[in-house]
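Colleague: Got a structure for you, run-v7.cif, holding mmCIF, C-alpha atoms.
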```
data_entry
#
loop_
_atom_site.label_atom_id
_atom_site.label_comp_id
_atom_site.auth_asym_id
_atom_site.auth_seq_id
_atom_site.Cartn_x
_atom_site.Cartn_y
_atom_site.Cartn_z
CA MET A 1 0.00 0.00 0.00
CA GLY A 2 1.49 3.33 -0.99
CA LEU A 3 2.33 5.81 1.66
CA PHE A 4 0.97 8.67 -0.38
CA ARG A 5 -2.10 8.81 -2.55
CA ARG A 6 -1.02 10.02 -5.94
CA LYS A 7 -3.24 12.07 -8.11
CA LYS A 8 -4.65 10.32 -11.14
CA GLU A 9 -2.81 11.24 -14.28
CA ASP A 10 -3.85 11.24 -17.88
CA SER A 11 -2.50 8.72 -20.31
CA ASP A 12 -0.02 11.40 -21.41
CA GLY A 13 1.29 11.71 -17.82
CA ASN A 14 -0.18 15.20 -17.26
CA ASN A 15 -2.13 16.28 -14.22
CA ASN A 16 -5.88 16.67 -14.76
CA ASN A 17 -5.88 20.00 -12.92
CA ALA A 18 -5.50 23.24 -14.81
CA VAL A 19 -1.98 24.31 -15.62
CA LYS A 20 -0.56 26.26 -12.69
CA LYS A 21 0.11 29.93 -13.15
CA GLU A 22 3.66 30.97 -13.63
CA LYS A 23 5.34 31.41 -10.25
CA GLY A 24 5.01 34.99 -8.99
CA SER A 25 2.73 36.09 -11.79
CA TRP A 26 -0.03 37.03 -9.34
CA ARG A 27 2.16 39.86 -8.07
CA ARG A 28 2.69 41.40 -11.47
CA PRO A 29 0.82 44.76 -11.92
CA ALA A 30 -1.63 45.04 -14.76
CA ASN A 31 -0.19 46.04 -18.11
CA THR A 32 -1.55 49.58 -18.10
CA ALA A 33 0.17 52.90 -18.66
CA PHE A 34 -0.49 53.97 -15.07
CA LYS A 35 0.67 50.82 -13.30
CA GLN A 36 3.62 50.31 -15.61
CA GLN A 37 4.70 53.96 -15.25
CA ARG A 38 4.37 54.84 -18.90
CA LEU A 39 2.32 58.02 -18.40
CA LYS A 40 3.53 61.19 -20.04
CA ALA A 41 5.52 63.42 -17.71
CA TRP A 42 7.02 66.88 -17.85
CA GLN A 43 10.74 66.77 -17.26
CA PRO A 44 12.05 70.35 -17.02
CA ILE A 45 15.55 71.00 -18.26
CA PHE A 46 17.34 73.42 -15.94
CA THR A 47 19.47 75.82 -17.92
CA PRO A 48 21.13 79.10 -16.94
CA LYS A 49 18.45 80.99 -18.87
CA THR A 50 15.74 79.57 -16.62
CA VAL A 51 17.50 79.15 -13.26
CA LEU A 52 19.30 82.49 -12.96
CA PRO A 53 16.24 84.69 -13.63
CA THR A 54 14.28 82.59 -11.15
CA PHE A 55 16.87 83.26 -8.44
CA PHE A 56 16.77 87.00 -9.18
CA VAL A 57 12.95 87.07 -9.01
CA ILE A 58 12.84 85.21 -5.68
CA GLY A 59 15.41 87.60 -4.22
CA LEU A 60 13.51 90.65 -5.45
CA ILE A 61 10.28 89.34 -3.90
CA PHE A 62 11.74 88.31 -0.53
CA ALA A 63 13.78 91.49 0.04
CA PRO A 64 10.84 93.95 0.29
CA ILE A 65 8.82 91.47 2.35
CA GLY A 66 11.69 91.22 4.85
CA ALA A 67 12.15 94.98 4.92
CA LEU A 68 8.43 95.44 5.62
CA LEU A 69 8.52 92.95 8.50
CA ILE A 70 11.60 94.60 10.01
CA TRP A 71 9.93 98.01 9.72
CA GLY A 72 6.81 96.70 11.46
CA SER A 73 8.84 95.14 14.27
CA GLY A 74 10.84 98.36 14.62
CA LYS A 75 7.69 100.27 15.59
CA VAL A 76 7.38 98.19 18.78
CA SER A 77 8.94 99.11 22.12
CA GLU A 78 9.57 96.40 24.70
CA MET A 79 11.04 96.49 28.22
CA THR A 80 11.86 93.35 30.22
CA PHE A 81 12.71 93.24 33.94
CA ASP A 82 13.79 89.92 35.49
CA TYR A 83 12.91 89.79 39.19
CA THR A 84 13.81 86.16 39.91
CA ASP A 85 16.59 87.11 42.33
CA CYS A 86 14.49 89.62 44.23
CA GLU A 87 13.63 87.11 46.95
CA THR A 88 17.35 86.57 47.63
CA LEU A 89 17.84 90.21 48.61
CA THR A 90 18.00 91.34 52.20
CA PRO A 91 14.39 92.05 53.24
CA SER A 92 13.49 95.69 53.74
CA PRO A 93 12.20 96.73 57.18
CA SER A 94 8.91 98.10 55.82
CA ALA A 95 7.24 99.49 52.74
CA ASP A 96 8.33 102.97 53.82
CA GLN A 97 11.98 101.93 54.23
CA LEU A 98 12.74 99.99 51.08
CA GLN A 99 16.35 99.01 50.40
CA PHE A 100 16.79 99.02 46.64
CA SER A 101 19.50 97.18 44.73
CA ASP A 102 20.45 97.47 41.07
CA MET A 103 18.82 94.92 38.79
CA SER A 104 21.31 92.98 36.69
CA ASP A 105 19.00 91.25 34.23
CA PHE A 106 16.90 93.68 32.20
CA ASN A 107 16.49 94.64 28.56
CA TYR A 108 15.26 97.71 26.68
CA ARG A 109 14.30 97.26 23.03
CA LEU A 110 12.80 100.57 22.00
CA LYS A 111 11.23 101.47 18.69
CA SER A 112 13.33 102.70 15.78
CA GLY A 113 14.49 106.26 16.23
CA SER A 114 14.41 106.05 20.03
CA THR A 115 16.97 103.32 20.68
CA ASP A 116 19.40 105.85 22.17
CA ALA A 117 16.90 107.26 24.68
CA PRO A 118 18.65 107.49 28.07
CA PHE A 119 17.55 105.50 31.10
CA THR A 120 18.91 104.65 34.52
CA THR A 121 19.47 101.12 35.78
CA PRO A 122 16.28 99.50 37.13
CA GLN A 123 16.24 98.64 40.82
CA PHE A 124 14.28 96.28 43.02
CA ALA A 125 13.67 95.70 46.73
CA PHE A 126 12.31 92.73 48.69
CA LEU A 127 9.64 93.04 51.37
CA ASN A 128 8.85 89.97 53.46
CA ARG A 129 5.80 90.04 55.72
CA SER A 130 5.25 86.30 56.04
CA ASP A 131 4.71 86.57 59.79
CA ASP A 132 2.05 89.29 59.55
CA SER A 133 -1.34 87.56 59.64
CA ASN A 134 -3.09 90.84 58.89
CA VAL A 135 -1.65 90.90 55.38
CA PRO A 136 -3.39 88.81 52.71
CA ILE A 137 -1.50 85.60 51.97
CA ALA A 138 -0.94 86.54 48.32
CA GLU A 139 0.78 89.82 49.32
CA ARG A 140 3.09 88.74 52.12
CA GLN A 141 6.18 88.56 49.91
CA GLN A 142 6.57 91.44 47.49
CA CYS A 143 9.14 92.71 45.04
CA TYR A 144 9.18 96.47 44.42
CA ILE A 145 10.57 97.22 40.94
CA GLN A 146 11.52 100.74 39.86
CA PHE A 147 12.38 101.40 36.21
CA ASP A 148 12.47 104.14 33.60
CA VAL A 149 10.12 104.45 30.66
CA PRO A 150 12.47 106.40 28.34
CA ILE A 151 9.84 107.42 25.78
CA ASP A 152 6.11 107.95 25.58
CA LEU A 153 4.31 104.71 24.72
CA ASP A 154 1.15 104.94 22.66
CA PRO A 155 -1.73 102.57 23.39
CA THR A 156 -2.24 99.71 23.34
CA VAL A 157 0.26 98.96 26.15
CA PHE A 158 0.54 95.34 27.30
CA LEU A 159 1.82 93.80 30.51
CA TYR A 160 3.17 90.26 30.20
CA TYR A 161 4.87 87.82 32.50
CA LYS A 162 7.75 85.81 31.09
CA LEU A 163 8.95 82.37 32.19
CA THR A 164 12.20 80.67 31.20
CA ASN A 165 13.07 76.97 31.35
CA PHE A 166 9.44 75.95 31.92
CA TYR A 167 8.54 73.11 29.55
CA GLN A 168 4.81 73.45 29.02
CA ASN A 169 5.27 71.47 25.80
CA HIS A 170 6.04 68.18 27.58
CA ARG A 171 3.73 65.48 26.24
CA ARG A 172 2.36 64.34 29.58
CA TYR A 173 1.94 67.92 30.75
CA VAL A 174 0.05 69.03 27.63
CA LYS A 175 -2.53 66.24 27.94
CA SER A 176 -2.92 66.53 31.72
CA LEU A 177 -6.48 67.87 31.86
CA ASN A 178 -10.06 66.75 31.50
CA SER A 179 -12.06 68.84 29.04
CA ASP A 180 -15.42 67.51 30.19
CA GLN A 181 -14.71 68.50 33.77
CA LEU A 182 -13.60 72.00 32.74
CA LYS A 183 -16.86 72.44 30.80
CA GLY A 184 -18.81 71.82 33.98
CA ASN A 185 -19.81 68.20 33.38
CA HIS A 186 -19.84 65.76 36.27
CA VAL A 187 -16.91 63.40 35.78
CA SER A 188 -16.92 60.56 38.29
CA VAL A 189 -13.96 59.61 40.43
CA GLY A 190 -13.76 56.29 38.65
CA THR A 191 -13.48 58.01 35.26
CA LEU A 192 -10.83 60.46 36.45
CA SER A 193 -8.77 57.85 38.25
CA GLY A 194 -5.92 56.66 36.04
CA GLY A 195 -6.89 59.02 33.21
CA ASP A 196 -5.03 61.89 31.58
CA CYS A 197 -5.00 63.91 34.82
CA LYS A 198 -2.89 61.32 36.63
CA PRO A 199 -1.29 61.76 39.16
CA LEU A 200 -3.48 64.75 40.12
CA ASP A 201 -6.83 63.14 39.43
CA VAL A 202 -8.16 61.87 42.76
CA ILE A 203 -7.05 62.69 46.32
CA ASN A 204 -8.45 60.77 49.30
CA GLY A 205 -11.31 59.48 47.20
CA LYS A 206 -12.35 62.95 46.02
CA ALA A 207 -12.04 64.42 42.53
CA VAL A 208 -9.47 67.14 42.04
CA TYR A 209 -11.08 70.20 40.44
CA PRO A 210 -9.65 71.29 38.13
CA CYS A 211 -7.56 68.17 37.73
CA GLY A 212 -4.21 67.76 36.05
CA LEU A 213 -0.70 69.18 36.05
CA ILE A 214 -1.51 72.30 34.03
CA ALA A 215 -4.12 73.60 36.45
CA ASN A 216 -1.99 72.68 39.45
CA SER A 217 0.95 74.76 38.19
CA VAL A 218 -1.00 77.87 37.18
CA PHE A 219 1.06 81.07 37.42
CA ASN A 220 -0.09 83.08 40.44
CA ASP A 221 2.26 86.06 40.77
CA THR A 222 0.19 89.23 40.61
CA TYR A 223 1.10 92.83 39.79
CA SER A 224 0.05 96.26 40.96
CA PRO A 225 -0.67 99.24 38.69
CA LEU A 226 2.27 101.43 37.68
CA ASN A 227 2.95 104.40 39.91
CA LEU A 228 5.19 107.37 39.15
CA THR A 229 7.95 107.48 41.74
CA THR A 230 7.84 111.30 41.68
CA ASP A 231 4.08 111.39 42.12
CA SER A 232 2.52 108.31 43.71
CA ALA A 233 -0.95 109.64 42.95
CA THR A 234 -0.32 109.19 39.21
CA THR A 235 -1.32 105.63 38.39
CA TYR A 236 -1.32 103.70 35.16
CA THR A 237 -3.65 100.71 35.36
CA PHE A 238 -3.95 97.55 33.30
CA SER A 239 -7.25 95.82 32.62
CA GLU A 240 -7.33 92.07 33.25
CA SER A 241 -10.19 91.50 30.79
CA GLY A 242 -9.78 90.96 27.09
CA ILE A 243 -6.46 89.19 27.59
CA ALA A 244 -7.55 85.70 26.47
CA TRP A 245 -8.19 84.50 22.94
CA PRO A 246 -11.76 84.84 21.66
CA GLY A 247 -13.70 81.67 22.32
CA GLU A 248 -11.52 80.50 25.20
CA ALA A 249 -14.31 81.09 27.70
CA ASP A 250 -16.47 78.54 25.87
CA LYS A 251 -14.14 75.78 27.11
CA TYR A 252 -14.95 76.46 30.76
CA ALA A 253 -17.91 76.52 33.11
CA VAL A 254 -19.03 79.03 35.71
CA ALA A 255 -19.16 76.33 38.40
CA PRO A 256 -18.48 72.58 38.48
CA ASP A 257 -21.27 70.02 38.55
CA TYR A 258 -20.16 68.65 41.91
CA ASN A 259 -21.14 69.00 45.51
CA LEU A 260 -18.44 70.81 47.46
CA ASP A 261 -17.74 67.72 49.58
CA GLU A 262 -17.01 65.71 46.40
CA ILE A 263 -14.05 67.78 45.18
CA VAL A 264 -10.76 69.19 46.44
CA PRO A 265 -8.52 71.90 44.94
CA PRO A 266 -5.17 71.01 43.35
CA PRO A 267 -2.34 70.70 45.90
CA ASN A 268 -0.61 73.92 44.81
CA TRP A 269 -3.81 75.87 45.49
CA ALA A 270 -3.64 75.10 49.23
CA LEU A 271 -2.85 78.67 50.29
CA ARG A 272 -5.75 80.00 48.26
CA PHE A 273 -8.14 77.35 49.60
CA PRO A 274 -6.71 76.30 52.99
CA ASN A 275 -9.95 74.57 54.03
CA ASN A 276 -10.70 73.11 50.60
CA TYR A 277 -13.75 74.45 48.80
CA THR A 278 -16.41 75.92 51.07
CA GLU A 279 -19.54 78.01 50.71
CA ASP A 280 -17.53 81.08 51.71
CA ASN A 281 -14.62 80.15 49.45
CA PRO A 282 -16.13 78.25 46.51
CA PRO A 283 -14.35 76.97 43.37
CA PRO A 284 -13.24 79.74 41.00
CA ASN A 285 -15.32 80.86 38.05
CA LEU A 286 -13.10 79.52 35.28
CA LYS A 287 -15.32 80.99 32.59
CA GLU A 288 -14.31 84.50 33.72
CA ASP A 289 -10.77 83.75 34.93
CA GLN A 290 -8.83 84.80 31.84
CA HIS A 291 -5.47 84.36 33.57
CA PHE A 292 -6.33 80.69 34.05
CA GLN A 293 -7.49 80.42 30.43
CA ASN A 294 -4.20 81.87 29.17
CA TRP A 295 -2.22 79.44 31.29
CA MET A 296 -4.19 76.43 30.07
CA ARG A 297 -3.26 77.29 26.48
CA THR A 298 0.18 75.70 26.73
CA ALA A 299 3.25 77.26 25.13
CA GLY A 300 5.31 75.48 22.50
CA LEU A 301 8.74 76.61 23.76
CA PRO A 302 10.37 76.58 27.22
CA THR A 303 10.73 80.39 27.17
CA PHE A 304 7.41 82.15 26.71
CA THR A 305 5.35 85.18 27.65
CA LYS A 306 1.68 85.30 28.55
CA LEU A 307 -0.53 88.36 28.66
CA TRP A 308 -1.44 89.57 32.15
CA GLY A 309 -3.03 92.96 31.49
CA ARG A 310 -3.61 95.65 28.87
CA ASN A 311 -4.47 99.32 28.53
CA ASP A 312 -6.16 100.16 25.23
CA ASN A 313 -6.95 103.80 25.90
CA ASP A 314 -4.20 105.70 27.70
CA PRO A 315 -0.65 106.44 26.57
CA LEU A 316 2.12 105.68 29.04
CA PRO A 317 4.14 108.89 29.54
CA ARG A 318 7.86 108.64 30.01
CA GLY A 319 9.15 108.78 33.56
CA ARG A 320 10.31 106.52 36.37
CA TYR A 321 7.68 104.06 37.56
CA GLN A 322 7.25 101.49 40.27
CA ILE A 323 5.41 98.19 40.03
CA ILE A 324 4.88 95.68 42.84
CA ALA A 325 5.13 91.97 42.05
CA ASN A 326 3.48 89.72 44.63
CA LEU A 327 5.79 86.71 44.88
CA ASN A 328 3.79 83.49 44.95
CA TYR A 329 5.27 81.45 42.09
CA PRO A 330 8.59 79.66 42.77
CA VAL A 331 10.89 79.15 39.77
CA ARG A 332 14.34 78.66 41.30
CA SER A 333 13.60 75.01 42.12
CA PHE A 334 13.64 74.10 38.41
CA LYS A 335 16.35 76.66 37.49
CA GLY A 336 13.79 78.88 35.83
CA ARG A 337 13.51 82.64 35.54
CA LYS A 338 10.56 85.00 35.68
CA ALA A 339 10.24 88.55 34.44
CA VAL A 340 7.70 91.26 33.80
CA VAL A 341 7.46 92.65 30.27
CA ILE A 342 5.90 95.95 29.19
CA SER A 343 5.37 96.21 25.46
CA THR A 344 3.47 97.87 22.65
CA VAL A 345 2.41 96.22 19.41
CA SER A 346 2.21 97.06 15.72
CA TRP A 347 0.40 95.48 12.79
CA ILE A 348 2.98 92.65 12.85
CA GLY A 349 2.40 91.93 16.53
CA GLY A 350 5.10 92.05 19.19
CA LYS A 351 8.82 92.73 18.96
CA ASN A 352 10.25 90.00 16.72
CA PRO A 353 12.64 91.09 13.94
CA PHE A 354 13.87 87.54 13.30
CA LEU A 355 11.32 86.74 10.60
CA GLY A 356 12.12 89.92 8.68
CA TRP A 357 15.85 89.29 8.80
CA ALA A 358 15.27 85.69 7.72
CA TYR A 359 13.52 86.97 4.58
CA VAL A 360 16.32 89.46 3.92
CA ALA A 361 19.00 86.80 4.39
CA THR A 362 17.19 84.43 2.03
CA ALA A 363 16.83 87.20 -0.57
CA ALA A 364 20.52 88.04 -0.29
CA LEU A 365 21.47 84.39 -0.68
CA PHE A 366 19.39 83.95 -3.83
CA VAL A 367 20.69 87.17 -5.40
CA LEU A 368 24.26 86.19 -4.57
CA LEU A 369 23.82 82.80 -6.17
CA ALA A 370 22.24 84.43 -9.21
CA VAL A 371 25.13 86.91 -9.58
CA LEU A 372 27.80 84.24 -9.16
CA GLY A 373 25.97 81.98 -11.58
CA THR A 374 25.72 84.79 -14.13
CA ILE A 375 29.43 85.56 -13.87
CA ARG A 376 30.30 81.88 -14.20
CA HIS A 377 28.04 81.51 -17.22
CA MET A 378 29.50 84.56 -18.95
CA ILE A 379 33.13 83.60 -18.33
CA LYS A 380 32.89 79.91 -19.02
CA PRO A 381 29.47 78.94 -20.36
CA ARG A 382 28.43 75.33 -20.01
CA LYS A 383 27.87 73.46 -23.26
CA LEU A 384 24.31 72.29 -23.32
CA GLY A 385 23.29 68.85 -24.53
CA ASP A 386 21.80 68.21 -27.94
CA MET A 387 18.14 69.06 -27.47
CA SER A 388 17.21 66.92 -30.47
CA LEU A 389 18.07 63.82 -28.47
CA LEU A 390 15.36 64.64 -25.94
CA SER A 391 11.94 63.31 -26.71
CA TRP A 392 8.81 62.21 -24.92
CA ASN A 393 8.51 58.61 -23.89
CA ARG A 394 5.45 57.69 -25.93
CA GLN A 395 5.42 53.97 -25.32
#
```
Write out the structure in this file as structure tokens.
Modeller:
Amino acid sequence: MGLFRRKKEDSDGNNNNAVKKEKGSWRRPANTAFKQQRLKAWQPIFTPKTVLPTFFVIGLIFAPIGALLIWGSGKVSEMTFDYTDCETLTPSPSADQLQFSDMSDFNYRLKSGSTDAPFTTPQFAFLNRSDDSNVPIAERQQCYIQFDVPIDLDPTVFLYYKLTNFYQNHRRYVKSLNSDQLKGNHVSVGTLSGGDCKPLDVINGKAVYPCGLIANSVFNDTYSPLNLTTDSATTYTFSESGIAWPGEADKYAVAPDYNLDEIVPPPNWALRFPNNYTEDNPPPNLKEDQHFQNWMRTAGLPTFTKLWGRNDNDPLPRGRYQIIANLNYPVRSFKGRKAVVISTVSWIGGKNPFLGWAYVATAALFVLLAVLGTIRHMIKPRKLGDMSLLSWNRQ
């Protein structure tokens, strides 16, 4: 008995089954112009007569664009005052006996035509009233900053805070929030636990509101209006409304859909809510808190500025001013820096000449290549190929 059952063959010794397809033929594309890559195609021939004029045209287009951007940026004045080291100064005895020291980290970038305006070195003083229970918690540590405004600033005048070495663009940080909770929907503890807000999702069986790393690390330094040092009655105020992007408020609710005993504030909000949320100290109205909305729109770079206030109506006259920064936000622990920025804007936005100079540099590069190519072509022209040998592939 045979070990294998052989297929019945014809008298000619051939298998009754149909002839097998040639090996690998099932992978062969159909014999069409598209699948066999026989479609007509335009193959440009780059010659000096086409390339060199193109380089000149690109340079002539980019140069005025760059000049326009530089001109727009030059209309902006910006002043930056870093007060990170203020808390390391010797504390002043009182607000009436401030001991000022020269500020080492500051920057004036005034508008074109006023870059040589004189100014004196900014100064700052540290006032520590941590042991005074009569002072509000948010104002117990203060930095008094005195600086010159060398020129008159036309409205709108903006007040920003600037952070350095703070990576809001970290992947886990960016996704550390719950949009449904921020919109006022009731998100259960079970849903929050282990979600995007981890590890600040649930504390002692209660939902953290608002949950996540972004809300927990919200910037909470605050600033006073500007006061003339020669006349303290002259005040320049900044409005804290209209500082968030349009439509940001739609992402947030007036109040959460929780009972107060179901939620706790983020850990870093403990000084603001020492007894958790109560009827006398309820959760914040995130729909109106534009500082919170700005912070939740994370920055793409580790050095960034965020708008804190604006004045759309009044010019800021030149003079020496004082601003008080209430120190609540620590940055030295992660080797960061914080500063206050006063700036105007133009049609291009803030002070940023880089884009304009990038256009100018690109234009110069293209023109240079075009000139060198023209000289090379005139001195030693390249012999072109026989154009009659070129033809379309009409298979």
Colleague: Would you mind reading off the distance between CA of Thr303 in chain A and CA of Arg272 in chain A, one decimal, in Å?
Modeller: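 So the two atoms, CA of Thr303 in chain A and CA of Arg272 in chain A, lie 26.8 Å apart.
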Colleague: Please provide as a ChimeraX atom specification all residues within 10 Å of Thr120 in chain A, with the sequence filter that same-chain residues fewer than 5 positions apart are discarded (counting all atoms listed in the file).
Modeller: /A:102,146-150,320
Colleague: Take the PyMOL selection byres ((chain A and resi 288-290) around 7), run it mentally on this structure, and tell me the resulting residues as a PyMOL selection string.
Modeller: chain A and resi 241+243-244+249+285-287+291-294
Colleague: Under the PyMOL selection byres ((chain A and resi 84) around 12), which residues of this model are included? Write them out as an NGL selection string.
Modeller: :A and (81-83 or 85-89 or 103-106 or 124-126 or 142-143 or 145 or 161-164 or 221 or 325-333 or 335-340)
Colleague: Go ahead and write the selection's residues with C-alpha atoms as a CSV table (one decimal), in the coordinates of the input.
Modeller:
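Now in out.csv:
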```csv
chain,number,residue,atom,x,y,z
A,81,PHE,CA,12.7,93.2,33.9
A,82,ASP,CA,13.8,89.9,35.5
A,83,TYR,CA,12.9,89.8,39.2
A,85,ASP,CA,16.6,87.1,42.3
A,86,CYS,CA,14.5,89.6,44.2
A,87,GLU,CA,13.6,87.1,47.0
A,88,THR,CA,17.4,86.6,47.6
A,89,LEU,CA,17.8,90.2,48.6
A,103,MET,CA,18.8,94.9,38.8
A,104,SER,CA,21.3,93.0,36.7
A,105,ASP,CA,19.0,91.2,34.2
A,106,PHE,CA,16.9,93.7,32.2
A,124,PHE,CA,14.3,96.3,43.0
A,125,ALA,CA,13.7,95.7,46.7
A,126,PHE,CA,12.3,92.7,48.7
A,142,GLN,CA,6.6,91.4,47.5
A,143,CYS,CA,9.1,92.7,45.0
A,145,ILE,CA,10.6,97.2,40.9
A,161,TYR,CA,4.9,87.8,32.5
A,162,LYS,CA,7.8,85.8,31.1
A,163,LEU,CA,9.0,82.4,32.2
A,164,THR,CA,12.2,80.7,31.2
A,221,ASP,CA,2.3,86.1,40.8
A,325,ALA,CA,5.1,92.0,42.0
A,326,ASN,CA,3.5,89.7,44.6
A,327,LEU,CA,5.8,86.7,44.9
A,328,ASN,CA,3.8,83.5,45.0
A,329,TYR,CA,5.3,81.4,42.1
A,330,PRO,CA,8.6,79.7,42.8
A,331,VAL,CA,10.9,79.2,39.8
A,332,ARG,CA,14.3,78.7,41.3
A,333,SER,CA,13.6,75.0,42.1
A,335,LYS,CA,16.4,76.7,37.5
A,336,GLY,CA,13.8,78.9,35.8
A,337,ARG,CA,13.5,82.6,35.5
A,338,LYS,CA,10.6,85.0,35.7
A,339,ALA,CA,10.2,88.6,34.4
A,340,VAL,CA,7.7,91.3,33.8
```
Colleague: Can you turn the PyMOL selection byres ((chain A and resi 256) around 9) into a concrete residue list for this file, as a ChimeraX atom specification?
Modeller: /A:181-186,209-210,253-255,257-259,283,285
Colleague: Hey, what's within 10 Å of Gly195 in chain A if we count only C-alpha atoms and toss same-chain stuff fewer than 5 positions away? As a ChimeraX atom specification, please?
Modeller: /A:175-178,190,200-201,212
Colleague: Report the distance between CA of Tyr223 in chain A and CA of Leu159 in chain A in Å, rounded to one decimal place.
Modeller: 9.4 Å
Colleague: Which polymer residues, whether protein, DNA or RNA, lie within 12 Å of the coordinate (25.2, 81.4, -16.6) when you count only C-alpha atoms? List them as an mmCIF file with C-alpha atoms, in the coordinates of the input, using the chain letters and numbers from the file.
Modeller:
```cif
data_model
loop_
_atom_site.group_PDB
_atom_site.id
_atom_site.type_symbol
_atom_site.label_atom_id
_atom_site.label_comp_id
_atom_site.auth_asym_id
_atom_site.auth_seq_id
_atom_site.Cartn_x
_atom_site.Cartn_y
_atom_site.Cartn_z
ATOM 1 C CA PHE A 46 17.340 73.420 -15.940
ATOM 2 C CA THR A 47 19.470 75.820 -17.920
ATOM 3 C CA PRO A 48 21.130 79.100 -16.940
ATOM 4 C CA LYS A 49 18.450 80.990 -18.870
ATOM 5 C CA THR A 50 15.740 79.570 -16.620
ATOM 6 C CA VAL A 51 17.500 79.150 -13.260
ATOM 7 C CA LEU A 52 19.300 82.490 -12.960
ATOM 8 C CA PRO A 53 16.240 84.690 -13.630
ATOM 9 C CA PHE A 55 16.870 83.260 -8.440
ATOM 10 C CA LEU A 369 23.820 82.800 -6.170
ATOM 11 C CA ALA A 370 22.240 84.430 -9.210
ATOM 12 C CA VAL A 371 25.130 86.910 -9.580
ATOM 13 C CA LEU A 372 27.800 84.240 -9.160
ATOM 14 C CA GLY A 373 25.970 81.980 -11.580
ATOM 15 C CA THR A 374 25.720 84.790 -14.130
ATOM 16 C CA ILE A 375 29.430 85.560 -13.870
ATOM 17 C CA ARG A 376 30.300 81.880 -14.200
ATOM 18 C CA HIS A 377 28.040 81.510 -17.220
ATOM 19 C CA MET A 378 29.500 84.560 -18.950
ATOM 20 C CA ILE A 379 33.130 83.600 -18.330
ATOM 21 C CA LYS A 380 32.890 79.910 -19.020
ATOM 22 C CA PRO A 381 29.470 78.940 -20.360
ATOM 23 C CA ARG A 382 28.430 75.330 -20.010
ATOM 24 C CA LYS A 383 27.870 73.460 -23.260
ATOM 25 C CA LEU A 384 24.310 72.290 -23.320
#
```
Colleague: CA of Ser130 in chain A to CA of Ile323 in chain A: how many Å, to one decimal?
Modeller: 19.9 Å
Colleague: Mind checking which residues fall within 12 Å of Trp71 in chain A, counting all atoms listed in the file, ignoring those fewer than 6 positions away in the same chain, and posting them as a PyMOL selection string?
Modeller: chain A and resi 64-65+111-113+346-349+351-357
